[in-house]
Every structure is written in structure tokens, then in C-alpha cells.
Amino acid sequence: MQEVNWKKLQNGSDIRGVAIDGVKGEPVNLTPQVVFRLGQAFVYWLKRAGNKSRGLTVSVGRDSRLSGPELTKELVEGLTSAGADVLDFGLASTPAMFMSTRLGDRPADGAIMLTASHLPYNRNGLKFFTAGGGLDKADISSILDLAENAEMVSETKGAQSSYDFMAVYSDFLVGLVRREVNHPQHFETPLEGLKIVVDAGNGSGGFYAQRVLAPLGADVSDSQFLEPDGRFPNHVPNPEDTTAMVSVSGRVKEAGADLGVIFDTDVDRAALVDNTGRPINRNALIALSSAMVLQEHPGSTIVTDSITSDGLARFIQDELGGRHHRFQRGYKNVINESIRLNSQGTESWLAIETSGHAALKENFFLDDGAYLATKLIVTLAKMRAQGKKLTDLIENLSAPLESTELRLKINKEDFRAIGEQVIGELGLMAGSKNDWDLVPNNFEGVRVSCSSPEQKGWFLLRLSLHDPVLPLNIESEVEGGVQKIAAELFGFFKKYELLDLSAFKRFGL
């Protein structure tokens, strides 16, 4: 096997790499041989973690990527060669892979999803699960170390079988809607009369229209891009992508639908569109999800990532009576912080990132776009019965007048030290200004509140988790406020020769 830089395959709590040749400057490093070794390593890791040397079962699923079938074949070979029995689900969603360790008549000891989420067609990756949840960064490091160094052989080869687990998972969601809506006349079809547009972006989410909503009575006839196609010919399957949101919004308006639902490639993220075609994603999705959760669990803490708006914080605390706890970017960071708060006696039922990753305590803190969408559709059905709209829940949410994100590249291979230096010195500068105040209880980078009438907003500078980049988020409640904040920051950043400030060109700077 070719020489492999195993550590480069790690992307936080996932493994990601280039699986298809053809993109300049992106050589293939996630080969079938590499995936074979990763399958073997996961079996050995499971044996160590669970003290179970025999009888291991591992479920395997994939999204619609072009490299999926070949990599699945080698992954299964690696797993069975190490002695594990494999349940091959074929096309699946990432959340369903976790649920395969808990649902059905054959719960797996571990699960692997082949996906690279919303990344381009030439990428792929692996996400790993046990019944305890998704593996963390340290676990992935251990698996990569085993793949690189361990001698992995088994006296017996495991068996492979196909299993339509997506039917089990879909039935789980269907049952959730029936129980929670509990319609007095239409228990089996509580979504009768609702037209819902599902946009799967040619990823794995097409099942949601066909196997979840349709059996519940919803009209899904105007849904789009349900067919899996790893070329992603219509738009990037990403609820944060502007083109994707414009596409599903337009479809909702054309169809006169009551709701739109859009998923990312592997369905661990989602966003909504209301009946007017207005996107409900990022801060609005967090607000709507918080309103739903705080109706069920009044006063509990909502954990979000660091870039959420001040208007959202006021809405959660003042309008909904909850507590807002900002934490670090990264969906696993947000989820783990919510779990930590619960373990220390602070009730937290929702961990959600602006990207659309949302995890509910009631659902094992699994970031599941389909589960979140299902819960919100339950809420829609209940409110409709009362003559209300879903968006009535967030009518008092104030949005910033202006917002932007700039990504400042650090032109140095060892970028972390310079990034931390810039953040630290910016904090010192901001703390010395009369109209800039450091925001307390900030867990990532430096967040500053700008109180002058011509700025009236905030900014956050942080260091990217994996890339040589300082993302800078700016929001303002007044016209021209972002421009004025950006101009002051540009003056500060100019002294750092290793920073690429070309992102400020949009402001004429």
C-alpha cells in the first residue's frame, strides 16, 4: 500500500479525505486500501473499548457520493477480515447509523457512515458510532494509530448481510409524529392537508418525503432532488448555502406549500422554509427550535456555538424565559457542553449550532436533521389545529440589520501561535476603547460589543478549528454599522504582515 499520512485524514471527530482524482492540487488519499485498514482498525478499537473479542456486529451505510459503492465494498472487507459481522444498509443517513446501535431487532455494536457531508463530490469520509454516541477526537486518533501500526488478523472471517434499516428508522419517526400529534380523527395520517416540500439535494434525504411524510398523509408531490446523485447537479446539499436556500424557497412559493425542509447530504443538518418562502436557518432555526424545546422544558439552557446573534440571546432569555449559553464552534463541542451542563445539574435539552447541527437530549444528543424537522412538523401540526402558524413562535425575534463573515488567512504553516497572538492583542486593544466592551463568559476567541450609535453591534474573532484562518463575524443593528466596525478592525490588522486582508476589499479597504 502507498505511503499514507494517517494523521492528515483526521478532521476533528471525523475522518475525511479525497476519494476521487481529477481536482487539481487534491491528490487522492482516501483510497479503498486505506478504508480497508480503517475497517479493520475500528473492529480492534471496538474490541478494546467493549471488552468483547467475539460476536461483534458493525453496521455500514453511505451517502450518495460517487466513491461510496467502491469504498463500502472495501470497508466491509476490512471489517469482516477482522472478524466482525457486517450489516450493509446501502444508502443511509448519518443519524440512522447511530440509531442502528439502539433500534431494530439486530442492534449493532458499532456503526460507520461513509460521508463527507456537504463537501465537494471528490471527497468522502467516515463517521463512527457506538450506542454511547459519535466517537470523539481522541477515539479517531486511536483508530488512525491502529490503522497505521497494528498487526490485524483474525482466525475467523465475519459474515455480511444486507438490511433495510432505513425502513426501521423511518417507522421510528412516523411513530413519533403519530404519538405526539395524537390527532383525534386522523391518528394514522395527522399531516393530512399539509403540503410539504422536501429538498434532499440529491443526497441521502429522499427517504424523508417518501417513507416518513407521505405515510402520515402529507402532500409531498412538489418535493425536489430526492434522487441520489453524487454529482450534486442541482445545488450543493447544504442548508447554509445561499443557492440551495433560494432553490427550496422558490419551490415552496411555486407550490403554495405550507413548509419546506432541506437537508445536507447525510441528513445530520436541516433548515426550514415557511409558507411565504422565507428561510428559517441559522439564528432563526435556533430561535424556533428553542421556542419548541422551552415549551416542553421551561427555563432550561440552550447551548449554541459562539457566532449566534445578540438578538437571539435576548429572544431566548427575555421572550422565552430560557437561558442562553454560547460555547465553541464545532457541533461536537456544543453537544458535549450541553451534556456536561446536564451532568453538573444544569438542565439543557438542546445543543444547536448555526450550521444546522441540532441535538436534543430526548434523542440521545444525536445531531439529527430529520429528527429536528420531525419535531418542528409536530409543532406545526399542533399550531395549525389552533389556527396558528409555526412562525408565530418567532415573530418577536429581532434580526441584525447587517451581518457578515470575513475569513482572514494566516500565511504561515505553523499558524496557531500567530492566530492566538492576534486574538490576544485585539482583546487588549478592544478593552482599552470606551465604546468597545469585551463580552464576558466567552469561550472562543474574543467577542466585543460595540456600543457607539454609528456601530451598535458586535464582532467575534476566533481561530478556525482546522485551517490557517481567523474567521471574523460582524453584526450591526444600524445601517453602515458593519462597514464602520470593519474599518476600525482593518486599521488594527494592518500591522500583521502574515495576515491576508483581501477579504476587506468588499468594504473598499
# chains A, B, ... in the order shown; residues from 1 in each chain; ligands from 1

call {"tool": "select_by_dssp", "arguments": {"residues": "region 205-288 of chain A", "states": "strand (DSSP E)", "output": "list in words"}}
result
Leu259, Gly260, Val261, Ile262, Phe263, Ala270, Ala271, Leu272, Val273, Pro279 and Ile280 of chain A

call {"tool": "residues_around", "arguments": {"residues": "Val248 (chain A)", "least_positions_apart": "5", "cutoff": "12 Å", "atoms": "only C-alpha atoms", "output": "CSV table (one decimal) with N, CA, C and O atoms, in the first residue's frame"}}
result
chain,number,residue,atom,x,y,z
A,196,ILE,N,-45.9,19.8,2.0
A,196,ILE,CA,-44.5,20.0,2.5
A,196,ILE,C,-43.6,19.6,1.3
A,196,ILE,O,-43.6,18.6,0.7
A,197,VAL,N,-42.7,20.6,1.1
A,197,VAL,CA,-41.6,20.4,0.0
A,197,VAL,C,-40.4,19.9,0.7
A,197,VAL,O,-39.9,20.6,1.7
A,198,VAL,N,-39.9,18.8,0.3
A,198,VAL,CA,-38.6,18.3,0.8
A,198,VAL,C,-37.5,18.4,-0.3
A,198,VAL,O,-37.8,18.0,-1.4
A,199,ASP,N,-36.4,19.0,0.1
A,199,ASP,CA,-35.3,19.1,-0.9
A,199,ASP,C,-34.1,18.3,-0.3
A,199,ASP,O,-33.5,18.7,0.7
A,200,ALA,N,-33.8,17.2,-0.9
A,200,ALA,CA,-32.7,16.4,-0.4
A,200,ALA,C,-31.4,16.7,-1.1
A,200,ALA,O,-30.4,16.1,-0.7
A,201,GLY,N,-31.4,17.6,-2.1
A,201,GLY,CA,-30.1,18.0,-2.7
A,201,GLY,C,-29.4,16.9,-3.4
A,201,GLY,O,-28.2,16.9,-3.5
A,222,ASP,N,-44.6,18.0,-4.6
A,222,ASP,CA,-43.7,19.1,-5.1
A,222,ASP,C,-42.3,19.1,-4.6
A,222,ASP,O,-41.5,20.0,-4.8
A,223,SER,N,-41.9,18.0,-3.9
A,223,SER,CA,-40.6,17.9,-3.4
A,223,SER,C,-39.6,17.8,-4.6
A,223,SER,O,-39.9,17.5,-5.7
A,224,GLN,N,-38.3,18.1,-4.3
A,224,GLN,CA,-37.3,18.2,-5.4
A,224,GLN,C,-36.0,17.5,-5.0
A,224,GLN,O,-35.6,17.5,-3.8
A,225,PHE,N,-35.3,17.0,-6.0
A,225,PHE,CA,-34.0,16.5,-5.9
A,225,PHE,C,-33.9,15.4,-4.8
A,225,PHE,O,-33.0,15.3,-4.0
A,234,ASN,N,-27.8,19.8,-9.0
A,234,ASN,CA,-28.8,20.9,-8.9
A,234,ASN,C,-28.3,22.0,-7.9
A,234,ASN,O,-28.4,23.2,-8.3
A,235,HIS,N,-27.8,21.7,-6.8
A,235,HIS,CA,-27.2,22.6,-5.9
A,235,HIS,C,-26.4,21.9,-4.8
A,235,HIS,O,-26.6,20.7,-4.6
A,236,VAL,N,-25.5,22.5,-4.1
A,236,VAL,CA,-24.8,21.9,-3.0
A,236,VAL,C,-25.8,21.5,-1.9
A,236,VAL,O,-26.7,22.4,-1.6
A,237,PRO,N,-25.8,20.3,-1.4
A,237,PRO,CA,-26.8,19.9,-0.4
A,237,PRO,C,-26.3,20.5,1.0
A,237,PRO,O,-25.6,19.8,1.7
A,238,ASN,N,-26.6,21.7,1.2
A,238,ASN,CA,-26.1,22.4,2.4
A,238,ASN,C,-27.1,23.5,2.8
A,238,ASN,O,-27.3,24.5,2.1
A,239,PRO,N,-27.7,23.4,4.0
A,239,PRO,CA,-28.7,24.4,4.4
A,239,PRO,C,-28.1,25.8,4.7
A,239,PRO,O,-28.8,26.8,4.8
A,241,ASP,N,-26.0,27.1,2.4
A,241,ASP,CA,-25.6,27.6,1.0
A,241,ASP,C,-26.8,28.5,0.5
A,241,ASP,O,-27.9,28.1,0.5
A,242,THR,N,-26.4,29.7,0.0
A,242,THR,CA,-27.4,30.6,-0.4
A,242,THR,C,-28.2,30.1,-1.6
A,242,THR,O,-29.4,30.2,-1.7
A,243,THR,N,-27.5,29.5,-2.6
A,243,THR,CA,-28.1,28.9,-3.8
A,243,THR,C,-29.1,27.8,-3.4
A,243,THR,O,-30.2,27.8,-4.0
A,253,LYS,N,-42.7,28.5,-2.7
A,253,LYS,CA,-43.6,29.6,-3.2
A,253,LYS,C,-44.4,29.1,-4.4
A,253,LYS,O,-45.6,29.4,-4.5
A,254,GLU,N,-43.7,28.5,-5.3
A,254,GLU,CA,-44.4,28.0,-6.6
A,254,GLU,C,-45.5,27.0,-6.2
A,254,GLU,O,-46.6,27.0,-6.8
A,255,ALA,N,-45.2,26.1,-5.3
A,255,ALA,CA,-46.2,25.1,-4.9
A,255,ALA,C,-47.3,25.5,-4.0
A,255,ALA,O,-48.2,24.8,-3.8
A,257,ALA,N,-46.8,25.7,-0.8
A,257,ALA,CA,-46.7,24.8,0.3
A,257,ALA,C,-46.8,25.4,1.6
A,257,ALA,O,-46.6,26.6,1.8
A,259,LEU,N,-44.8,24.4,4.1
A,259,LEU,CA,-43.5,24.3,4.7
A,259,LEU,C,-42.5,23.7,3.7
A,259,LEU,O,-42.8,22.8,2.9
A,260,GLY,N,-41.2,24.1,3.8
A,260,GLY,CA,-40.1,23.4,3.1
A,260,GLY,C,-39.1,22.9,4.1
A,260,GLY,O,-38.9,23.5,5.1
A,261,VAL,N,-38.5,21.8,3.7
A,261,VAL,CA,-37.5,21.1,4.6
A,261,VAL,C,-36.3,20.8,3.6
A,261,VAL,O,-36.5,20.2,2.6
A,262,ILE,N,-35.1,21.3,4.0
A,262,ILE,CA,-33.9,21.0,3.2
A,262,ILE,C,-32.9,20.3,4.1
A,262,ILE,O,-32.7,20.7,5.3
A,263,PHE,N,-32.2,19.3,3.6
A,263,PHE,CA,-31.2,18.6,4.3
A,263,PHE,C,-29.8,18.7,3.7
A,263,PHE,O,-29.7,19.0,2.5
A,271,ALA,N,-32.7,22.7,7.5
A,271,ALA,CA,-33.3,24.0,7.7
A,271,ALA,C,-34.7,24.0,7.1
A,271,ALA,O,-35.1,23.0,6.5
A,272,LEU,N,-35.5,25.0,7.5
A,272,LEU,CA,-36.9,25.0,7.0
A,272,LEU,C,-37.1,26.3,6.2
A,272,LEU,O,-36.3,27.2,6.1
A,273,VAL,N,-38.2,26.3,5.5
A,273,VAL,CA,-38.7,27.5,4.7
A,273,VAL,C,-40.2,27.6,5.1
A,273,VAL,O,-40.9,26.6,5.1
A,274,ASP,N,-40.6,28.8,5.5
A,274,ASP,CA,-42.0,29.0,5.9
A,274,ASP,C,-42.9,29.1,4.6
A,274,ASP,O,-42.4,29.1,3.5
A,275,ASN,N,-44.2,29.3,4.8
A,275,ASN,CA,-45.2,29.2,3.7
A,275,ASN,C,-45.0,30.4,2.8
A,275,ASN,O,-45.6,30.4,1.7
A,276,THR,N,-44.3,31.5,3.2
A,276,THR,CA,-44.1,32.6,2.3
A,276,THR,C,-42.8,32.5,1.5
A,276,THR,O,-42.4,33.4,0.7
A,277,GLY,N,-42.0,31.4,1.8
A,277,GLY,CA,-40.7,31.2,1.1
A,277,GLY,C,-39.6,31.8,1.9
A,277,GLY,O,-38.4,31.8,1.4
A,278,ARG,N,-39.8,32.3,3.1
A,278,ARG,CA,-38.7,32.8,4.0
A,278,ARG,C,-37.9,31.7,4.6
A,278,ARG,O,-38.4,30.8,5.2
A,279,PRO,N,-36.6,31.7,4.4
A,279,PRO,CA,-35.7,30.7,5.0
A,279,PRO,C,-35.8,30.8,6.5
A,279,PRO,O,-35.8,31.9,7.1
A,280,ILE,N,-35.8,29.6,7.2
A,280,ILE,CA,-35.6,29.5,8.6
A,280,ILE,C,-34.4,28.7,8.9
A,280,ILE,O,-34.4,27.5,9.0

call {"tool": "closest_residue", "arguments": {"among": "A:Lys332, A:Lys8, A:Arg323, A:Lys382", "to": "Val303 (chain A)", "atoms": "only C-alpha atoms"}}
result
A:Arg323

call {"tool": "atom_distance", "arguments": {"atom1": "CA of Gly322 (chain A)", "atom2": "CA of Ile307 (chain A)"}}
result
18.5 Å

call {"tool": "atom_distance", "arguments": {"atom1": "CA of Gly206 (chain A)", "atom2": "CA of Ser93 (chain A)"}}
result
10.0 Å

call {"tool": "atom_distance", "arguments": {"atom1": "CA of Glu347 (chain A)", "atom2": "CA of Arg326 (chain A)"}}
result
15.0 Å

call {"tool": "closest_atom_pairs", "arguments": {"of": "region 273-331 of chain A", "to": "region 353-363 of chain A", "cutoff": "6 Å", "atoms": "only C-alpha atoms", "output": "CSV"}}
result
residue,atom,partner,partner_atom,distance
A:Arg282,CA,A:Thr354,CA,4.4
A:Thr304,CA,A:Glu353,CA,5.3
A:Asp305,CA,A:Glu353,CA,5.2
